[in-house]
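**Student:** Here you go, this is target-v1.cif (mmCIF, N, CA and C atoms).
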data_protein
loop_
_atom_site.group_PDB
_atom_site.id
_atom_site.type_symbol
_atom_site.label_atom_id
_atom_site.label_comp_id
_atom_site.auth_asym_id
_atom_site.auth_seq_id
_atom_site.Cartn_x
_atom_site.Cartn_y
_atom_site.Cartn_z
ATOM 1 N N MET A 413 5.121 -6.515 -36.961
ATOM 2 C CA MET A 413 6.281 -6.881 -36.211
ATOM 3 C C MET A 413 5.895 -7.157 -34.755
ATOM 4 N N TYR A 414 5.055 -6.299 -34.215
ATOM 5 C CA TYR A 414 4.653 -6.460 -32.816
ATOM 6 C C TYR A 414 4.113 -7.863 -32.571
ATOM 7 N N LYS A 415 3.214 -8.304 -33.431
ATOM 8 C CA LYS A 415 2.578 -9.610 -33.243
ATOM 9 C C LYS A 415 3.603 -10.746 -33.229
ATOM 10 N N VAL A 416 4.512 -10.735 -34.181
ATOM 11 C CA VAL A 416 5.491 -11.821 -34.284
ATOM 12 C C VAL A 416 6.451 -11.811 -33.100
ATOM 13 N N VAL A 417 6.949 -10.645 -32.735
ATOM 14 C CA VAL A 417 7.885 -10.566 -31.600
ATOM 15 C C VAL A 417 7.187 -10.941 -30.307
ATOM 16 N N ARG A 418 5.957 -10.480 -30.140
ATOM 17 C CA ARG A 418 5.217 -10.838 -28.921
ATOM 18 C C ARG A 418 4.963 -12.340 -28.863
ATOM 19 N N ARG A 419 4.569 -12.903 -30.004
ATOM 20 C CA ARG A 419 4.283 -14.339 -30.051
ATOM 21 C C ARG A 419 5.547 -15.158 -29.783
ATOM 22 N N ASP A 420 6.657 -14.763 -30.381
ATOM 23 C CA ASP A 420 7.878 -15.564 -30.302
ATOM 24 C C ASP A 420 8.758 -15.253 -29.092
ATOM 25 N N PHE A 421 8.594 -14.071 -28.495
ATOM 26 C CA PHE A 421 9.452 -13.678 -27.381
ATOM 27 C C PHE A 421 8.630 -13.230 -26.185
ATOM 28 N N SER A 422 8.248 -11.952 -26.177
ATOM 29 C CA SER A 422 7.472 -11.436 -25.045
ATOM 30 C C SER A 422 6.849 -10.102 -25.426
ATOM 31 N N GLU A 423 5.881 -9.685 -24.625
ATOM 32 C CA GLU A 423 5.262 -8.389 -24.866
ATOM 33 C C GLU A 423 6.272 -7.261 -24.684
ATOM 34 N N GLU A 424 7.121 -7.398 -23.675
ATOM 35 C CA GLU A 424 8.130 -6.363 -23.419
ATOM 36 C C GLU A 424 9.036 -6.170 -24.636
ATOM 37 N N ARG A 425 9.515 -7.261 -25.208
ATOM 38 C CA ARG A 425 10.388 -7.157 -26.387
ATOM 39 C C ARG A 425 9.629 -6.632 -27.594
ATOM 40 N N ALA A 426 8.357 -6.952 -27.690
ATOM 41 C CA ALA A 426 7.544 -6.453 -28.799
ATOM 42 C C ALA A 426 7.393 -4.933 -28.714
ATOM 43 N N VAL A 427 7.154 -4.428 -27.521
ATOM 44 C CA VAL A 427 7.039 -2.982 -27.323
ATOM 45 C C VAL A 427 8.370 -2.307 -27.644
ATOM 46 N N GLU A 428 9.478 -2.915 -27.235
ATOM 47 C CA GLU A 428 10.801 -2.374 -27.554
ATOM 48 C C GLU A 428 11.024 -2.336 -29.064
ATOM 49 N N ALA A 429 10.590 -3.367 -29.764
ATOM 50 C CA ALA A 429 10.756 -3.423 -31.219
ATOM 51 C C ALA A 429 9.968 -2.317 -31.901
ATOM 52 N N VAL A 430 8.746 -2.102 -31.457
ATOM 53 C CA VAL A 430 7.927 -1.032 -32.028
ATOM 54 C C VAL A 430 8.561 0.323 -31.735
ATOM 55 N N SER A 431 9.088 0.483 -30.549
ATOM 56 C CA SER A 431 9.755 1.724 -30.187
ATOM 57 C C SER A 431 10.961 1.976 -31.093
ATOM 58 N N ALA A 432 11.674 0.924 -31.419
ATOM 59 C CA ALA A 432 12.835 1.060 -32.301
ATOM 60 C C ALA A 432 12.433 1.542 -33.690
ATOM 61 N N LEU A 433 11.234 1.195 -34.124
ATOM 62 C CA LEU A 433 10.762 1.649 -35.438
ATOM 63 C C LEU A 433 10.671 3.165 -35.528
ATOM 64 N N HIS A 434 10.421 3.802 -34.414
ATOM 65 C CA HIS A 434 10.313 5.256 -34.415
ATOM 66 C C HIS A 434 11.656 5.921 -34.709
ATOM 67 N N ARG A 435 12.723 5.180 -34.543
ATOM 68 C CA ARG A 435 14.050 5.702 -34.849
ATOM 69 C C ARG A 435 14.487 5.336 -36.266
ATOM 70 N N ALA A 436 13.669 4.563 -36.963
ATOM 71 C CA ALA A 436 14.002 4.116 -38.314
ATOM 72 C C ALA A 436 13.782 5.238 -39.325
ATOM 73 N N ARG A 437 14.513 5.156 -40.393
ATOM 74 C CA ARG A 437 14.352 6.104 -41.489
ATOM 75 C C ARG A 437 13.565 5.424 -42.602
ATOM 76 N N ILE A 438 12.509 6.051 -43.043
ATOM 77 C CA ILE A 438 11.692 5.526 -44.125
ATOM 78 C C ILE A 438 12.182 6.156 -45.427
ATOM 79 N N VAL A 439 12.504 5.307 -46.404
ATOM 80 C CA VAL A 439 13.013 5.821 -47.678
ATOM 81 C C VAL A 439 12.077 5.406 -48.810
ATOM 82 N N PRO A 440 11.920 6.269 -49.800
ATOM 83 C CA PRO A 440 11.037 5.940 -50.919
ATOM 84 C C PRO A 440 11.680 4.907 -51.850
ATOM 85 N N VAL A 441 10.833 4.171 -52.521
ATOM 86 C CA VAL A 441 11.305 3.246 -53.550
ATOM 87 C C VAL A 441 11.221 3.979 -54.881
ATOM 88 N N ASP A 442 12.379 4.206 -55.488
ATOM 89 C CA ASP A 442 12.386 4.847 -56.796
ATOM 90 C C ASP A 442 12.713 3.799 -57.864
ATOM 91 N N GLU A 443 12.664 4.205 -59.091
ATOM 92 C CA GLU A 443 12.877 3.256 -60.196
ATOM 93 C C GLU A 443 14.258 2.590 -60.149
ATOM 94 N N PRO A 444 15.342 3.344 -59.941
ATOM 95 C CA PRO A 444 16.646 2.680 -59.879
ATOM 96 C C PRO A 444 16.730 1.635 -58.757
ATOM 97 N N LEU A 445 16.129 1.927 -57.618
ATOM 98 C CA LEU A 445 16.141 0.971 -56.518
ATOM 99 C C LEU A 445 15.342 -0.283 -56.879
ATOM 100 N N ALA A 446 14.196 -0.097 -57.506
ATOM 101 C CA ALA A 446 13.375 -1.232 -57.919
ATOM 102 C C ALA A 446 14.108 -2.104 -58.937
ATOM 103 N N LEU A 447 14.821 -1.476 -59.868
ATOM 104 C CA LEU A 447 15.574 -2.245 -60.863
ATOM 105 C C LEU A 447 16.737 -2.998 -60.224
ATOM 106 N N GLU A 448 17.423 -2.347 -59.281
ATOM 107 C CA GLU A 448 18.503 -3.029 -58.561
ATOM 108 C C GLU A 448 17.956 -4.218 -57.782
ATOM 109 N N ALA A 449 16.811 -4.033 -57.150
ATOM 110 C CA ALA A 449 16.181 -5.129 -56.410
ATOM 111 C C ALA A 449 15.834 -6.283 -57.340
ATOM 112 N N ALA A 450 15.341 -5.975 -58.529
ATOM 113 C CA ALA A 450 15.012 -7.029 -59.496
ATOM 114 C C ALA A 450 16.266 -7.795 -59.899
ATOM 115 N N ASP A 451 17.378 -7.069 -60.113
ATOM 116 C CA ASP A 451 18.642 -7.729 -60.455
ATOM 117 C C ASP A 451 19.110 -8.626 -59.314
ATOM 118 N N ILE A 452 18.987 -8.144 -58.092
ATOM 119 C CA ILE A 452 19.373 -8.939 -56.924
ATOM 120 C C ILE A 452 18.500 -10.186 -56.829
ATOM 121 N N SER A 453 17.215 -10.025 -57.063
ATOM 122 C CA SER A 453 16.295 -11.152 -57.008
ATOM 123 C C SER A 453 16.698 -12.231 -58.006
ATOM 124 N N LEU A 454 17.020 -11.818 -59.215
ATOM 125 C CA LEU A 454 17.437 -12.776 -60.236
ATOM 126 C C LEU A 454 18.789 -13.409 -59.898
ATOM 127 N N ARG A 455 19.730 -12.597 -59.443
ATOM 128 C CA ARG A 455 21.081 -13.079 -59.152
ATOM 129 C C ARG A 455 21.136 -14.005 -57.937
ATOM 130 N N LEU A 456 20.389 -13.660 -56.888
ATOM 131 C CA LEU A 456 20.491 -14.399 -55.630
ATOM 132 C C LEU A 456 19.327 -15.343 -55.383
ATOM 133 N N GLY A 457 18.305 -15.257 -56.215
ATOM 134 C CA GLY A 457 17.142 -16.121 -56.023
ATOM 135 C C GLY A 457 16.276 -15.726 -54.841
ATOM 136 N N LEU A 458 16.378 -14.465 -54.424
ATOM 137 C CA LEU A 458 15.542 -13.962 -53.332
ATOM 138 C C LEU A 458 14.178 -13.557 -53.874
ATOM 139 N N ALA A 459 13.183 -13.612 -53.015
ATOM 140 C CA ALA A 459 11.875 -13.066 -53.371
ATOM 141 C C ALA A 459 12.039 -11.574 -53.628
ATOM 142 N N MET A 460 11.175 -11.014 -54.457
ATOM 143 C CA MET A 460 11.291 -9.598 -54.809
ATOM 144 C C MET A 460 11.212 -8.705 -53.578
ATOM 145 N N ALA A 461 10.316 -9.005 -52.657
ATOM 146 C CA ALA A 461 10.200 -8.182 -51.445
ATOM 147 C C ALA A 461 11.505 -8.225 -50.645
ATOM 148 N N ASP A 462 12.097 -9.404 -50.501
ATOM 149 C CA ASP A 462 13.372 -9.525 -49.792
ATOM 150 C C ASP A 462 14.470 -8.768 -50.534
ATOM 151 N N SER A 463 14.459 -8.851 -51.856
ATOM 152 C CA SER A 463 15.456 -8.151 -52.659
ATOM 153 C C SER A 463 15.339 -6.641 -52.505
ATOM 154 N N LEU A 464 14.122 -6.152 -52.373
ATOM 155 C CA LEU A 464 13.912 -4.726 -52.182
ATOM 156 C C LEU A 464 14.472 -4.272 -50.833
ATOM 157 N N VAL A 465 14.257 -5.072 -49.815
ATOM 158 C CA VAL A 465 14.811 -4.768 -48.487
ATOM 159 C C VAL A 465 16.337 -4.767 -48.559
ATOM 160 N N TYR A 466 16.908 -5.775 -49.183
ATOM 161 C CA TYR A 466 18.366 -5.898 -49.270
ATOM 162 C C TYR A 466 18.960 -4.755 -50.109
ATOM 163 N N ALA A 467 18.351 -4.447 -51.239
ATOM 164 C CA ALA A 467 18.845 -3.361 -52.089
ATOM 165 C C ALA A 467 18.792 -2.019 -51.358
ATOM 166 N N THR A 468 17.752 -1.810 -50.579
ATOM 167 C CA THR A 468 17.627 -0.571 -49.812
ATOM 168 C C THR A 468 18.740 -0.465 -48.777
ATOM 169 N N ALA A 469 18.994 -1.546 -48.072
ATOM 170 C CA ALA A 469 20.087 -1.545 -47.082
ATOM 171 C C ALA A 469 21.421 -1.276 -47.769
ATOM 172 N N GLN A 470 21.659 -1.916 -48.898
ATOM 173 C CA GLN A 470 22.904 -1.730 -49.626
ATOM 174 C C GLN A 470 23.058 -0.280 -50.089
ATOM 175 N N ARG A 471 22.005 0.294 -50.622
ATOM 176 C CA ARG A 471 22.068 1.676 -51.118
ATOM 177 C C ARG A 471 22.454 2.648 -50.007
ATOM 178 N N HIS A 472 21.972 2.392 -48.807
ATOM 179 C CA HIS A 472 22.186 3.326 -47.705
ATOM 180 C C HIS A 472 23.340 2.916 -46.793
ATOM 181 N N GLY A 473 24.093 1.899 -47.197
ATOM 182 C CA GLY A 473 25.257 1.484 -46.424
ATOM 183 C C GLY A 473 24.901 0.938 -45.060
ATOM 184 N N ALA A 474 23.720 0.339 -44.951
ATOM 185 C CA ALA A 474 23.245 -0.174 -43.670
ATOM 186 C C ALA A 474 23.486 -1.674 -43.566
ATOM 187 N N THR A 475 23.675 -2.130 -42.362
ATOM 188 C CA THR A 475 23.699 -3.562 -42.104
ATOM 189 C C THR A 475 22.258 -4.013 -41.930
ATOM 190 N N LEU A 476 21.881 -5.039 -42.668
ATOM 191 C CA LEU A 476 20.531 -5.583 -42.578
ATOM 192 C C LEU A 476 20.491 -6.586 -41.437
ATOM 193 N N VAL A 477 19.631 -6.336 -40.462
ATOM 194 C CA VAL A 477 19.445 -7.244 -39.331
ATOM 195 C C VAL A 477 18.061 -7.853 -39.475
ATOM 196 N N THR A 478 18.003 -9.179 -39.519
ATOM 197 C CA THR A 478 16.748 -9.854 -39.805
ATOM 198 C C THR A 478 16.689 -11.215 -39.133
ATOM 199 N N GLY A 479 15.502 -11.724 -39.026
ATOM 200 C CA GLY A 479 15.313 -13.085 -38.556
ATOM 201 C C GLY A 479 15.046 -14.036 -39.712
ATOM 202 N N ASP A 480 15.086 -13.538 -40.926
ATOM 203 C CA ASP A 480 14.778 -14.310 -42.125
ATOM 204 C C ASP A 480 16.033 -15.023 -42.626
ATOM 205 N N THR A 481 16.024 -16.337 -42.555
ATOM 206 C CA THR A 481 17.199 -17.121 -42.949
ATOM 207 C C THR A 481 17.466 -17.086 -44.453
ATOM 208 N N ASP A 482 16.547 -16.532 -45.246
ATOM 209 C CA ASP A 482 16.807 -16.381 -46.674
ATOM 210 C C ASP A 482 17.987 -15.447 -46.937
ATOM 211 N N PHE A 483 18.327 -14.611 -45.959
ATOM 212 C CA PHE A 483 19.428 -13.661 -46.106
ATOM 213 C C PHE A 483 20.762 -14.230 -45.609
ATOM 214 N N GLU A 484 20.743 -15.437 -45.109
ATOM 215 C CA GLU A 484 21.937 -16.084 -44.533
ATOM 216 C C GLU A 484 23.095 -16.035 -45.527
ATOM 217 N N GLY A 485 24.251 -15.558 -45.046
ATOM 218 C CA GLY A 485 25.467 -15.550 -45.849
ATOM 219 C C GLY A 485 25.649 -14.352 -46.757
ATOM 220 N N LEU A 486 24.684 -13.453 -46.809
ATOM 221 C CA LEU A 486 24.834 -12.279 -47.660
ATOM 222 C C LEU A 486 25.694 -11.232 -46.965
ATOM 223 N N PRO A 487 26.515 -10.517 -47.717
ATOM 224 C CA PRO A 487 27.352 -9.473 -47.124
ATOM 225 C C PRO A 487 26.506 -8.419 -46.406
ATOM 226 N N ASP A 488 27.054 -7.878 -45.350
ATOM 227 C CA ASP A 488 26.427 -6.798 -44.585
ATOM 228 C C ASP A 488 25.047 -7.180 -44.050
ATOM 229 N N THR A 489 24.900 -8.453 -43.708
ATOM 230 C CA THR A 489 23.630 -8.959 -43.193
ATOM 231 C C THR A 489 23.880 -9.768 -41.930
ATOM 232 N N VAL A 490 23.046 -9.551 -40.919
ATOM 233 C CA VAL A 490 23.098 -10.316 -39.683
ATOM 234 C C VAL A 490 21.752 -11.005 -39.528
ATOM 235 N N VAL A 491 21.779 -12.338 -39.447
ATOM 236 C CA VAL A 491 20.549 -13.099 -39.255
ATOM 237 C C VAL A 491 20.481 -13.506 -37.790
ATOM 238 N N ILE A 492 19.424 -13.078 -37.129
ATOM 239 C CA ILE A 492 19.213 -13.377 -35.712
ATOM 240 C C ILE A 492 18.268 -14.554 -35.601
ATOM 241 N N ARG A 493 18.645 -15.481 -34.756
ATOM 242 C CA ARG A 493 17.774 -16.650 -34.553
ATOM 243 C C ARG A 493 17.310 -16.713 -33.147
#
What would you get if you wrote out this structure as structure tokens?
**Tutor:**
Amino acid sequence: MYKVVRRDFSEERAVEAVSALHRARIVPVDEPLALEAADISLRLGLAMADSLVYATAQRHGATLVTGDTDFEGLPDTVVIR
């Protein structure tokens, strides 16, 4: 993340982004989550990795904030450009 934010914005914003990661909650991928992600991938045509991110956000009632336009228009998702 640091590399992309620094390249696209600034070093200051990259450091802020890394700092924000320290406040993030890391959750394990269990079998039910993986199966839900697979269903999402098939239903929405998302890549499996993207589906896993989306399924995790959905499970935890989180709003997904991303710069990836593949998530455009999905509920509880904010795409930043």
**Student:** Name all residues at most 7 Å from stretch 440-450 of chain A (count all atoms listed in the file; drop same-chain ones fewer than 6 positions away) and give them as a ChimeraX atom specification.
**Tutor:** /A:460,463-468
**Student:** Give the strand (DSSP E or B) residues of chain A, as DSSP finds them on the backbone, and put them as a list in words.
**Tutor:**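 Strand (DSSP E or B) members of chain A, listed: Leu476, Val477, Thr478, Thr489, Val490 and Val491 of chain A.
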**Student:** For this structure, which residues satisfy the selection - the PyMOL selection byres (((chain A and resi 414 and name CA) around 8) and name CA) - when it is evaluated on the file as given? I want them as an MDAnalysis selection string.
**Tutor:** chainID A and resid 413 415:418 426:427 429:430
**Student:** Which one is closest to A:Leu458: A:Thr481, A:Asp488, A:Glu424, A:Ala432? Count only C-alpha atoms.
**Tutor:**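 For A:Leu458, the nearest of the given residues is A:Thr481.
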**Student:** Go through chain A and collect every residue that DSSP, computed from the backbone, puts in alpha helix (DSSP H); the answer should be as a ChimeraX atom specification.
**Tutor:** /A:414-420,423-433,443-456,460-471
**Student:** For a test of reading the model, state the distance in Å between atom CA of A:Arg493 and atom N of A:Asp420, rounded to one decimal.
**Tutor:**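 Atom CA of A:Arg493 sits 12.0 Å away from atom N of A:Asp420.
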**Student:** Give me the result of the PyMOL selection byres ((chain A and resi 477) around 7) on this file, residue by residue, as a PyMOL selection string.
**Tutor:** chain A and resi 474-476+478-480+488-492
**Student:** Could you work out how far atom C of A:Val439 lies from atom C of A:Glu423, giving the answer in Å with one decimal?
**Tutor:**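 These two atoms are separated by 27.9 Å.
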**Student:** In Å, with one decimal, what is the gap from atom CA of A:Leu456 to atom CA of A:Pro487?
**Tutor:**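 Answer for the atom CA of A:Leu456 to atom CA of A:Pro487 separation: 12.0 Å.
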